[in-house]
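As provided, final32.cif (mmCIF, C-alpha atoms) reads as follows.
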```cif
data_protein
loop_
_atom_site.label_atom_id
_atom_site.label_comp_id
_atom_site.auth_asym_id
_atom_site.auth_seq_id
_atom_site.Cartn_x
_atom_site.Cartn_y
_atom_site.Cartn_z
CA MET A 1 128.89 95.74 79.91
CA ALA A 2 128.68 94.23 83.41
CA GLN A 3 126.94 90.91 83.77
CA SER A 4 123.50 91.27 85.35
CA ILE A 5 122.92 89.77 88.79
CA GLN A 6 119.87 87.56 89.24
CA ALA A 7 118.08 86.17 92.27
CA ILE A 8 119.27 82.84 93.70
CA ARG A 9 117.41 79.90 92.19
CA GLY A 10 114.38 79.05 94.30
CA MET A 11 114.41 82.41 96.11
CA ASN A 12 111.86 84.59 94.38
CA ASP A 13 111.00 88.26 94.26
CA LEU A 14 107.43 89.25 95.09
CA LEU A 15 106.45 92.03 92.70
CA PRO A 16 103.75 94.64 93.44
CA GLU A 17 101.01 92.57 91.77
CA ASP A 18 102.08 89.62 93.98
CA THR A 19 102.28 91.54 97.24
CA SER A 20 98.75 92.84 96.68
CA ILE A 21 97.47 89.26 96.96
CA TRP A 22 99.78 88.40 99.86
CA GLN A 23 98.63 91.42 101.85
CA GLN A 24 94.97 90.46 101.43
CA VAL A 25 95.62 86.89 102.59
CA GLU A 26 97.92 87.94 105.45
CA LYS A 27 95.22 90.31 106.72
CA ILE A 28 92.68 87.47 106.84
CA ILE A 29 95.23 85.22 108.57
CA ARG A 30 96.00 87.83 111.24
CA GLN A 31 92.30 88.47 111.86
CA THR A 32 91.59 84.74 112.16
CA VAL A 33 94.38 83.77 114.58
CA SER A 34 93.74 86.89 116.67
CA SER A 35 90.04 86.02 116.91
CA TYR A 36 91.08 82.77 118.63
CA GLY A 37 93.11 84.68 121.23
CA TYR A 38 96.53 83.64 119.92
CA SER A 39 99.56 85.95 120.37
CA GLU A 40 102.22 86.66 117.74
CA MET A 41 105.87 85.60 118.10
CA ARG A 42 108.75 86.78 115.89
CA MET A 43 111.87 84.62 115.98
CA PRO A 44 115.25 85.09 114.20
CA ILE A 45 115.77 83.32 110.89
CA VAL A 46 119.22 82.04 111.96
CA GLU A 47 119.62 79.56 114.83
CA HIS A 48 122.31 77.20 116.12
CA THR A 49 122.37 74.11 113.89
CA ASN A 50 122.04 71.69 116.80
CA LEU A 51 118.61 73.16 117.61
CA PHE A 52 117.26 71.62 114.42
CA SER A 53 119.25 68.39 114.60
CA ARG A 54 117.98 67.81 118.15
CA ALA A 55 114.38 68.83 117.40
CA ILE A 56 113.77 67.55 113.87
CA GLY A 57 116.01 64.48 113.97
CA GLU A 58 119.49 63.74 112.64
CA VAL A 59 118.24 61.29 110.00
CA THR A 60 115.40 63.33 108.53
CA ASP A 61 115.68 64.66 104.97
CA VAL A 62 115.52 68.21 106.32
CA VAL A 63 118.65 67.87 108.49
CA GLU A 64 120.54 65.45 106.23
CA LYS A 65 120.04 67.19 102.88
CA GLU A 66 118.06 70.42 102.99
CA MET A 67 119.38 72.87 105.58
CA TYR A 68 121.41 75.95 104.72
CA THR A 69 124.24 75.56 107.24
CA PHE A 70 127.41 77.62 107.62
CA THR A 71 130.17 78.35 110.13
CA ASP A 72 130.33 81.93 111.36
CA ARG A 73 133.48 83.87 112.31
CA SER A 74 133.34 82.53 115.86
CA GLY A 75 133.40 78.96 114.59
CA ASP A 76 129.76 78.28 115.51
CA SER A 77 127.64 76.15 113.18
CA LEU A 78 124.52 78.15 112.28
CA SER A 79 121.56 77.35 110.02
CA LEU A 80 118.80 79.26 108.31
CA ARG A 81 115.60 77.99 109.88
CA PRO A 82 113.97 75.20 107.81
CA GLU A 83 110.77 75.34 109.89
CA GLY A 84 109.39 77.36 112.79
CA THR A 85 108.40 74.98 115.58
CA ALA A 86 111.92 74.34 116.93
CA GLY A 87 112.72 78.06 117.08
CA CYS A 88 109.40 78.81 118.75
CA VAL A 89 110.07 76.18 121.43
CA ARG A 90 113.59 77.53 121.93
CA ALA A 91 112.27 81.09 122.38
CA ALA A 92 109.49 79.96 124.71
CA LEU A 93 112.02 78.14 126.91
CA GLU A 94 114.60 80.92 126.82
CA HIS A 95 112.06 83.55 127.92
CA SER A 96 110.16 81.31 130.38
CA LEU A 97 106.90 81.60 128.47
CA ILE A 98 105.72 78.05 129.14
CA TYR A 99 106.85 77.41 132.71
CA ASN A 100 103.71 76.24 134.55
CA GLN A 101 101.46 78.08 132.12
CA GLU A 102 99.69 77.60 128.81
CA GLN A 103 100.60 79.61 125.71
CA ARG A 104 98.83 79.94 122.36
CA LEU A 105 101.25 81.46 119.84
CA TRP A 106 101.53 82.12 116.12
CA TYR A 107 104.21 83.40 113.76
CA MET A 108 104.62 84.10 110.07
CA GLY A 109 107.77 84.49 108.01
CA PRO A 110 110.41 83.00 105.69
CA MET A 111 111.89 79.51 106.03
CA PHE A 112 114.74 77.98 104.00
CA ARG A 113 115.36 74.52 102.56
CA HIS A 114 117.87 73.57 99.88
CA GLU A 115 115.69 71.31 97.74
CA ARG A 116 114.84 71.17 94.06
CA PRO A 117 112.66 74.20 93.29
CA GLN A 118 109.32 73.46 91.66
CA LYS A 119 105.91 75.07 91.42
CA GLY A 120 104.64 75.67 94.94
CA ARG A 121 107.93 74.58 96.56
CA TYR A 122 110.86 76.98 96.85
CA ARG A 123 114.17 77.30 98.67
CA GLN A 124 112.96 80.41 100.45
CA PHE A 125 109.33 79.95 101.36
CA HIS A 126 106.95 81.44 103.88
CA GLN A 127 104.93 79.76 106.59
CA LEU A 128 102.20 80.55 109.05
CA GLY A 129 102.84 78.57 112.23
CA VAL A 130 100.55 78.07 115.21
CA GLU A 131 101.88 76.46 118.40
CA VAL A 132 100.03 75.71 121.67
CA PHE A 133 101.84 74.69 124.87
CA GLY A 134 100.52 73.31 128.16
CA LEU A 135 97.31 71.59 126.98
CA ASN A 136 97.15 67.83 126.44
CA GLY A 137 93.54 67.06 125.53
CA PRO A 138 91.99 66.37 122.13
CA ASP A 139 89.92 69.56 122.54
CA ILE A 140 92.90 71.79 121.73
CA ASP A 141 93.81 69.52 118.79
CA ALA A 142 90.27 70.06 117.54
CA GLU A 143 90.52 73.82 118.10
CA ILE A 144 93.56 74.34 115.90
CA ILE A 145 91.95 72.24 113.16
CA CYS A 146 88.81 74.40 113.51
CA LEU A 147 91.03 77.46 113.16
CA THR A 148 92.41 76.21 109.84
CA HIS A 149 88.89 75.34 108.66
CA ASP A 150 87.69 78.86 109.52
CA LEU A 151 90.56 80.24 107.47
CA TRP A 152 89.56 78.13 104.45
CA CYS A 153 85.96 79.34 104.79
CA LYS A 154 87.02 83.00 104.86
CA LEU A 155 89.20 82.45 101.79
CA GLY A 156 86.42 80.62 99.96
CA ILE A 157 88.32 77.33 99.52
CA ALA A 158 86.82 75.07 102.21
CA GLY A 159 85.22 72.89 99.51
CA ASP A 160 88.55 72.41 97.74
CA LEU A 161 90.48 70.94 100.68
CA THR A 162 90.32 67.54 102.39
CA LEU A 163 91.33 66.95 106.01
CA GLU A 164 93.42 63.78 106.43
CA LEU A 165 93.78 62.52 109.98
CA ASN A 166 95.88 59.93 111.80
CA THR A 167 97.34 59.14 115.21
CA LEU A 168 100.93 58.06 115.88
CA GLY A 169 100.32 56.96 119.48
CA ASN A 170 102.99 57.47 122.14
CA ASN A 171 106.71 56.68 122.05
CA ASP A 172 106.44 53.22 123.58
CA GLU A 173 103.66 52.19 121.20
CA ARG A 174 105.58 53.50 118.22
CA LYS A 175 108.75 51.71 119.33
CA VAL A 176 107.01 48.32 119.27
CA TYR A 177 105.33 49.14 115.98
CA LYS A 178 108.61 50.25 114.38
CA GLU A 179 110.25 46.96 115.28
CA ASN A 180 107.50 45.02 113.53
CA LEU A 181 107.42 47.41 110.56
CA VAL A 182 111.20 47.02 110.09
CA LYS A 183 110.81 43.22 110.12
CA PHE A 184 108.16 43.52 107.40
CA LEU A 185 110.32 45.87 105.30
CA GLU A 186 113.42 43.69 105.68
CA ALA A 187 111.42 40.69 104.51
CA ASN A 188 110.46 42.61 101.37
CA PHE A 189 113.66 44.62 100.99
CA ASP A 190 114.14 43.86 97.29
CA GLN A 191 110.78 45.49 96.50
CA LEU A 192 111.68 48.84 98.09
CA ASP A 193 112.93 51.88 96.20
CA GLU A 194 116.32 53.35 97.22
CA ASP A 195 114.86 56.01 99.54
CA SER A 196 112.76 53.42 101.36
CA LYS A 197 115.74 51.07 101.71
CA ARG A 198 117.74 53.90 103.29
CA ARG A 199 114.90 54.82 105.64
CA THR A 200 114.17 51.25 106.76
CA HIS A 201 116.83 51.41 109.48
CA THR A 202 116.96 55.18 110.06
CA ASN A 203 113.36 56.42 109.94
CA PRO A 204 111.05 53.52 109.02
CA LEU A 205 107.81 55.45 109.56
CA ARG A 206 108.73 57.65 106.61
CA VAL A 207 108.55 54.59 104.34
CA LEU A 208 104.78 54.70 104.91
CA ASP A 209 104.82 58.09 103.18
CA SER A 210 106.66 56.79 100.08
CA LYS A 211 105.35 58.05 96.74
CA ASP A 212 106.68 54.99 94.88
CA PRO A 213 103.66 53.04 93.49
CA GLN A 214 105.33 49.65 94.04
CA VAL A 215 106.11 50.49 97.66
CA GLN A 216 102.57 51.75 98.23
CA GLU A 217 101.19 48.49 96.87
CA LEU A 218 103.52 46.52 99.14
CA LEU A 219 102.47 48.54 102.21
CA LYS A 220 98.88 47.30 101.89
CA ASP A 221 100.10 44.17 103.67
CA ALA A 222 102.25 46.02 106.24
CA PRO A 223 101.31 46.09 109.94
CA THR A 224 99.09 49.04 110.92
CA LEU A 225 100.14 51.38 113.74
CA TYR A 226 96.60 51.67 115.10
CA ASP A 227 96.70 47.98 116.07
CA TYR A 228 99.60 48.73 118.44
CA LEU A 229 97.91 51.60 120.30
CA GLY A 230 96.81 51.43 123.92
CA GLU A 231 93.39 52.46 125.23
CA GLU A 232 94.50 55.98 126.18
CA SER A 233 95.86 56.79 122.70
CA LYS A 234 92.77 55.34 121.04
CA ALA A 235 90.47 57.32 123.35
CA HIS A 236 92.31 60.57 122.49
CA PHE A 237 91.88 59.90 118.77
CA THR A 238 88.23 58.87 119.11
CA LYS A 239 87.37 62.03 121.07
CA LEU A 240 89.13 64.21 118.49
CA GLN A 241 87.02 62.67 115.73
CA GLU A 242 83.84 63.25 117.76
CA LEU A 243 84.71 66.91 118.34
CA LEU A 244 85.43 67.54 114.66
CA THR A 245 82.20 65.81 113.65
CA SER A 246 80.26 67.96 116.14
CA GLN A 247 81.55 71.06 114.31
CA GLY A 248 80.59 69.75 110.88
CA ILE A 249 84.23 69.24 109.82
CA SER A 250 84.55 66.13 107.68
CA PHE A 251 87.80 64.16 107.51
CA LYS A 252 89.41 61.11 105.97
CA LEU A 253 91.37 58.67 108.12
CA ASN A 254 94.80 58.02 106.61
CA PRO A 255 96.76 55.35 108.53
CA ARG A 256 99.90 56.08 106.46
CA LEU A 257 100.03 59.77 107.34
CA VAL A 258 103.18 60.27 109.44
CA ARG A 259 104.44 63.80 108.63
CA GLY A 260 108.10 64.42 107.83
CA LEU A 261 109.56 65.37 111.21
CA ASP A 262 110.56 63.12 114.11
CA TYR A 263 108.92 65.03 116.95
CA TYR A 264 105.25 64.19 116.31
CA ASN A 265 103.12 61.91 118.51
CA LEU A 266 99.39 61.16 118.76
CA THR A 267 97.45 63.49 116.44
CA VAL A 268 98.80 64.26 112.98
CA PHE A 269 96.83 65.90 110.20
CA GLU A 270 97.12 67.43 106.74
CA TRP A 271 94.84 69.54 104.58
CA THR A 272 95.26 68.41 100.97
CA THR A 273 93.90 69.43 97.58
CA THR A 274 93.71 67.86 94.13
CA ALA A 275 93.80 71.25 92.41
CA LEU A 276 97.61 71.56 92.44
CA GLY A 277 98.72 68.20 91.09
CA ALA A 278 101.60 66.62 92.99
CA GLN A 279 101.96 69.56 95.41
CA GLY A 280 98.76 68.68 97.21
CA THR A 281 99.52 69.40 100.89
CA VAL A 282 98.65 72.96 101.89
CA CYS A 283 98.79 72.69 105.68
CA GLY A 284 99.93 70.07 108.17
CA GLY A 285 100.61 69.59 111.83
CA GLY A 286 99.94 67.61 114.95
CA ARG A 287 100.94 66.96 118.52
CA TYR A 288 104.57 66.97 119.74
CA ASP A 289 104.43 66.39 123.48
CA GLY A 290 108.08 65.38 123.86
CA LEU A 291 109.82 68.24 122.05
CA VAL A 292 110.01 70.77 124.91
CA GLU A 293 111.71 68.21 127.16
CA GLN A 294 113.94 67.13 124.26
CA LEU A 295 115.19 70.74 124.00
CA GLY A 296 115.93 71.09 127.72
CA GLY A 297 112.59 72.06 129.25
CA LYS A 298 110.22 70.26 131.57
CA PRO A 299 107.71 67.80 130.04
CA THR A 300 105.14 69.97 128.29
CA PRO A 301 102.26 68.93 126.02
CA ALA A 302 102.22 70.81 122.72
CA VAL A 303 100.37 70.87 119.41
CA GLY A 304 100.60 73.04 116.30
CA PHE A 305 100.59 73.31 112.53
CA GLY A 306 102.46 74.90 109.64
CA LEU A 307 100.78 76.39 106.58
CA GLY A 308 102.81 77.03 103.42
CA LEU A 309 101.87 80.46 102.12
CA GLU A 310 103.27 79.98 98.60
CA ARG A 311 101.19 76.82 98.23
CA LEU A 312 98.13 78.64 99.60
CA MET A 313 98.61 81.59 97.18
CA LEU A 314 99.00 79.14 94.30
CA LEU A 315 95.75 77.42 95.26
CA LEU A 316 93.88 80.71 95.60
CA THR A 317 95.02 82.00 92.22
CA THR A 318 94.45 78.60 90.54
CA LEU A 319 90.87 78.60 91.80
CA GLY A 320 90.37 82.31 90.98
CA LYS A 321 89.46 83.11 94.58
CA ILE A 322 91.48 86.29 94.92
CA LYS A 323 92.34 89.16 92.63
CA VAL A 324 95.06 91.78 92.46
CA SER A 325 93.86 94.96 94.15
CA SER A 326 95.24 98.42 93.67
CA ALA A 327 97.00 100.21 96.50
CA VAL A 328 95.52 103.49 95.21
CA ASP A 329 91.92 104.54 95.86
CA VAL A 330 92.11 108.31 95.32
CA TYR A 331 94.29 110.02 92.70
CA VAL A 332 94.88 113.77 93.18
CA CYS A 333 96.01 115.70 90.11
CA GLY A 334 96.20 119.35 89.04
CA MET A 335 97.50 121.94 86.64
CA GLY A 336 98.29 125.59 86.87
CA GLU A 337 100.32 127.88 89.06
CA GLY A 338 100.13 126.92 92.72
CA SER A 339 98.60 123.51 92.05
CA GLU A 340 101.57 121.57 93.48
CA ALA A 341 101.17 123.08 96.96
CA ALA A 342 97.38 122.66 96.84
CA GLN A 343 97.73 119.01 95.76
CA LEU A 344 100.11 118.25 98.64
CA ARG A 345 97.74 119.93 101.13
CA ILE A 346 94.68 118.06 99.85
CA CYS A 347 96.53 114.71 99.80
CA GLN A 348 97.59 115.15 103.41
CA GLN A 349 94.04 116.06 104.44
CA LEU A 350 92.58 113.03 102.67
CA ARG A 351 95.18 110.65 104.15
CA ALA A 352 94.32 111.91 107.63
CA ALA A 353 90.57 111.58 107.01
CA LEU A 354 90.75 108.25 105.11
CA PRO A 355 93.46 106.21 106.90
CA ASP A 356 92.27 102.90 105.40
CA PHE A 357 92.55 104.13 101.79
CA GLY A 358 95.47 104.85 99.47
CA VAL A 359 95.84 108.44 98.25
CA MET A 360 98.35 109.15 95.45
CA ASN A 361 99.53 112.57 94.38
CA HIS A 362 100.30 113.11 90.69
CA CYS A 363 103.81 114.48 90.24
CA GLY A 364 105.54 115.59 87.07
CA GLY A 365 102.89 117.77 85.43
CA GLY A 366 101.32 117.10 82.04
CA ASN A 367 97.93 117.71 80.49
CA PHE A 368 94.67 116.44 82.00
CA LYS A 369 94.43 113.57 79.54
CA ARG A 370 97.81 112.28 80.73
CA LEU A 371 96.83 112.84 84.36
CA LEU A 372 93.63 110.85 84.09
CA LYS A 373 95.34 108.13 82.08
CA ARG A 374 97.75 107.72 84.96
CA ALA A 375 94.83 107.54 87.42
CA ASP A 376 93.31 104.72 85.36
CA LYS A 377 96.63 102.89 85.18
CA VAL A 378 96.95 102.70 88.96
CA GLN A 379 93.29 101.57 89.12
CA ALA A 380 92.17 104.44 91.31
CA LYS A 381 88.46 104.69 92.04
CA VAL A 382 88.28 108.47 92.42
CA ALA A 383 90.15 111.33 90.76
CA VAL A 384 90.40 114.69 92.53
CA ILE A 385 91.11 117.41 89.94
CA LEU A 386 92.49 120.90 90.53
CA GLY A 387 92.44 123.14 87.46
CA GLU A 388 92.83 126.90 87.30
CA GLU A 389 89.10 127.40 87.96
CA GLU A 390 89.12 125.10 91.00
CA LEU A 391 92.17 126.86 92.42
CA LYS A 392 90.55 130.26 91.94
CA ASN A 393 87.12 129.29 93.32
CA GLY A 394 88.13 127.00 96.19
CA THR A 395 86.43 124.04 94.56
CA LEU A 396 87.43 120.52 93.50
CA THR A 397 86.28 118.36 90.62
CA ILE A 398 85.55 114.84 91.87
CA LYS A 399 85.42 112.18 89.16
CA ASN A 400 84.12 108.67 89.73
CA LEU A 401 86.52 106.63 87.58
CA ARG A 402 84.17 103.64 87.53
CA THR A 403 81.18 105.51 86.10
CA THR A 404 83.03 108.57 84.60
CA GLU A 405 80.52 110.85 86.38
CA GLN A 406 82.03 114.02 87.85
CA GLN A 407 80.91 116.88 90.07
CA VAL A 408 82.37 120.24 90.99
CA VAL A 409 81.97 120.84 94.73
CA PRO A 410 83.39 123.23 97.35
CA GLU A 411 86.48 121.85 99.06
CA THR A 412 84.51 121.59 102.31
CA GLU A 413 82.07 119.11 100.71
CA ALA A 414 84.58 117.04 98.76
CA LEU A 415 85.41 114.57 101.54
CA GLU A 416 81.83 113.33 101.95
CA LEU A 417 81.43 112.87 98.20
CA ILE A 418 84.71 110.92 97.99
CA LYS A 419 83.64 108.72 100.93
CA SER A 420 80.31 107.90 99.29
CA ILE A 421 82.00 106.90 96.00
CA LEU A 422 84.49 104.67 97.84
CA GLN A 423 81.71 103.05 99.89
CA GLN A 424 79.69 102.35 96.74
CA SER A 425 82.76 100.91 95.05
CA ALA A 426 83.31 98.58 98.04
CA VAL A 427 79.70 97.34 97.87
CA GLU A 428 80.00 96.63 94.12
CA ALA A 429 83.25 94.75 94.62
#
```

Since I need it in another form, could you write the structure as structure tokens?
Amino acid sequence: MAQSIQAIRGMNDLLPEDTSIWQQVEKIIRQTVSSYGYSEMRMPIVEHTNLFSRAIGEVTDVVEKEMYTFTDRSGDSLSLRPEGTAGCVRAALEHSLIYNQEQRLWYMGPMFRHERPQKGRYRQFHQLGVEVFGLNGPDIDAEIICLTHDLWCKLGIAGDLTLELNTLGNNDERKVYKENLVKFLEANFDQLDEDSKRRTHTNPLRVLDSKDPQVQELLKDAPTLYDYLGEESKAHFTKLQELLTSQGISFKLNPRLVRGLDYYNLTVFEWTTTALGAQGTVCGGGRYDGLVEQLGGKPTPAVGFGLGLERLMLLLTTLGKIKVSSAVDVYVCGMGEGSEAAQLRICQQLRAALPDFGVMNHCGGGNFKRLLKRADKVQAKVAVILGEEELKNGTLTIKNLRTTEQQVVPETEALELIKSILQQSAVEA
């Protein structure tokens, strides 16, 4: 007996009961970003490796340890995309989408990182990304945060998420701050964990994000980035806070919030929850005004965010905010000579008249008890029954599977009755 083949660890199948939830959430996401006037982008999942090393940073965990990188037959080093921003910038530059113009874009799809799989964090995961190019004010920073807040409200989880906010200033301000932070870390080097020791001279800002309790205690005495900011950076951050407050969006200032990628400046933010234990960050982003120039374009202000869909689905199911829904609304079944052709005809008519509903045709015969049992199993709301009498008289039996009430009506009146049952079912849901 051949050995069975299983999925790669950390790369999971989404079964029908899973995709039902994903489709509901994806529909709300698409409606929300479209309502803000954002346009969809679709980028390839494989890019040249140096795109990510140039954009994300050579000494980040993502580039050093987590990317899926391989050499193709032409000898080129390629990588599965670990995040979407770099690829979106590359595409925008390649197709001249941001030359002397603003763009508001979004994308959704799989990303890949070779890290230890755990609940809410996988090697193949999915992200919603929103990227805005050509606008440098705090008003657009506020808008994308408002967009995420609107999404939480529509999903019923706004009360379960906290907005954490910080500013990283500009490059010159950060450079001076880093020098002083490194001096502080070197003076307390023996109190750092191994990751923090390694990052002290490669990416010192990431030490601020350490999860080690001893390091966190030590950092209470570390210099604070805000003290190194100029008036312009402070004014940008103050205005952002005022705009969010004007929209009733509360936030918590977190001076240690730095995000994990090198390209951020000024605004950074995360939406976090306590409902998922250690995996508390659901969405994060900020401003990255230098990345377009870093990848070969002209200086272009930019801001965006990434939202982990697996983490979001986990939060929704943990909080009981979304339920599995059936793909079938109407189940058409019949018995007797000629019923197969009549069933096919009626199914096609219903699909044309009810494009937003699922219509399933029963195949394989069987008695009516088996037919209706199957209709219940697929969680249909309405059964359309064709027996010998219905076939002879040009009628249909319409059964409401929620109330078990049924009526025999002429075929010409069946559609309106089915519509009314589906509408009532939607109201009750």

query: Can you list what the PyMOL selection byres ((chain A and resi 248) around 12) grabs from this structure, as a ChimeraX atom specification?
result: /A:142,145-146,149-150,158,241-247,249-251

task: Dump as JSON, numbers by chain all residues having an atom at most 12 Å from (97.3, 64.1, 118.4), computed in the file's coordinates with all atoms listed in the file.
output: {"A": [135, 136, 137, 138, 139, 140, 141, 142, 143, 144, 145, 165, 166, 167, 168, 169, 170, 232, 233, 234, 235, 236, 237, 238, 239, 240, 241, 258, 263, 264, 265, 266, 267, 268, 269, 285, 286, 287, 288, 289, 301, 302, 303, 304, 305]}

Can you turn the PyMOL selection byres ((chain A and resi 185) around 9) into a concrete residue list for this file, as a compact mmCIF listing (two decimals) with C-alpha atoms, in the frame of the given file?
```txt
# COMPACT_ATOMS: atom_id res chain seq x y z
CA ASN A 180 107.50 45.02 113.53
CA LEU A 181 107.42 47.41 110.56
CA VAL A 182 111.20 47.02 110.09
CA LYS A 183 110.81 43.22 110.12
CA PHE A 184 108.16 43.52 107.40
CA GLU A 186 113.42 43.69 105.68
CA ALA A 187 111.42 40.69 104.51
CA ASN A 188 110.46 42.61 101.37
CA PHE A 189 113.66 44.62 100.99
CA GLN A 191 110.78 45.49 96.50
CA LEU A 192 111.68 48.84 98.09
CA SER A 196 112.76 53.42 101.36
CA LYS A 197 115.74 51.07 101.71
CA THR A 200 114.17 51.25 106.76
CA PRO A 204 111.05 53.52 109.02
CA VAL A 207 108.55 54.59 104.34
CA LEU A 219 102.47 48.54 102.21
CA ALA A 222 102.25 46.02 106.24
```

query: Evaluating the PyMOL selection byres ((chain A and resi 79) around 8) on the displayed file yields which residues, as a list of chain:residue names?
result: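 With the shown file as input, the PyMOL selection byres ((chain A and resi 79) around 8) matches A:Val46, A:Glu47, A:His48, A:Thr49, A:Met67, A:Tyr68, A:Thr69, A:Phe70, A:Ser77, A:Leu78, A:Leu80, A:Arg81.
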
- request: Could you jot down the atom CA of A:Met360 to atom CA of A:Val330 separation for me, Å, one decimal place?
  value: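 Atom CA of A:Val330 lies at a distance of 6.3 Å from atom CA of A:Met360.
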
message: Could you list, as a VMD selection string, every residue within 12 Å of A:Glu83, counting all atoms listed in the file and ignoring same-chain residues fewer than 3 positions away?
response: chain A and resid 43 to 47 51 to 53 55 to 56 62 to 63 66 to 68 79 to 80 86 to 89 107 to 113 123 to 130 260 to 261 285 305 to 308

- prompt: Rounded to one decimal in Å, what is the spacing between atom CA of A:Ile385 and atom CA of A:Thr412?
  reply: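 So the two atoms, atom CA of A:Ile385 and atom CA of A:Thr412, lie 14.6 Å apart.
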
Using 12 Å as the limit and counting all atoms listed in the file, can you tabulate each residue of stretch 19-82 of chain A that touches stretch 7-15 of chain A, with its shortest atom-to-atom distance in Å and the two atoms involved, as a Markdown table?
```
| residue | atom | partner | partner_atom | distance |
| --- | --- | --- | --- | --- |
| A:Thr19 | CA | A:Leu14 | CA | 6.0 |
| A:Ser20 | CA | A:Leu15 | CA | 8.7 |
| A:Ile21 | CA | A:Leu14 | CA | 10.1 |
| A:Trp22 | CA | A:Leu14 | CA | 9.1 |
| A:Gln23 | CA | A:Leu14 | CA | 11.3 |
```

- request: Excluding A:Glu428 and residues on its chain fewer than 4 positions from it, collect all residues at most 12 Å away from it, counting only C-alpha atoms, and give them as a VMD selection string.
  value: chain A and resid 381 402 421 to 424

task: Rounded to one decimal place, report the atom CA of A:Glu164-atom CA of A:Leu295 distance in Å.
output: 28.8 Å

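Shortest separation to A:Ser210 among A:Leu344, A:Arg259, A:Glu173, A:Ser74 occurs at residue A:Arg259, atoms counted being all atoms listed in the file.
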
- request: Kindly indicate which residue among A:Val292, A:Gly284, A:Leu314, A:Thr71 lies nearest to A:Leu97, using all atoms listed in the file for the distances.
  value: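 When distances to A:Leu97 are compared using all atoms listed in the file, the smallest one comes from A:Val292.
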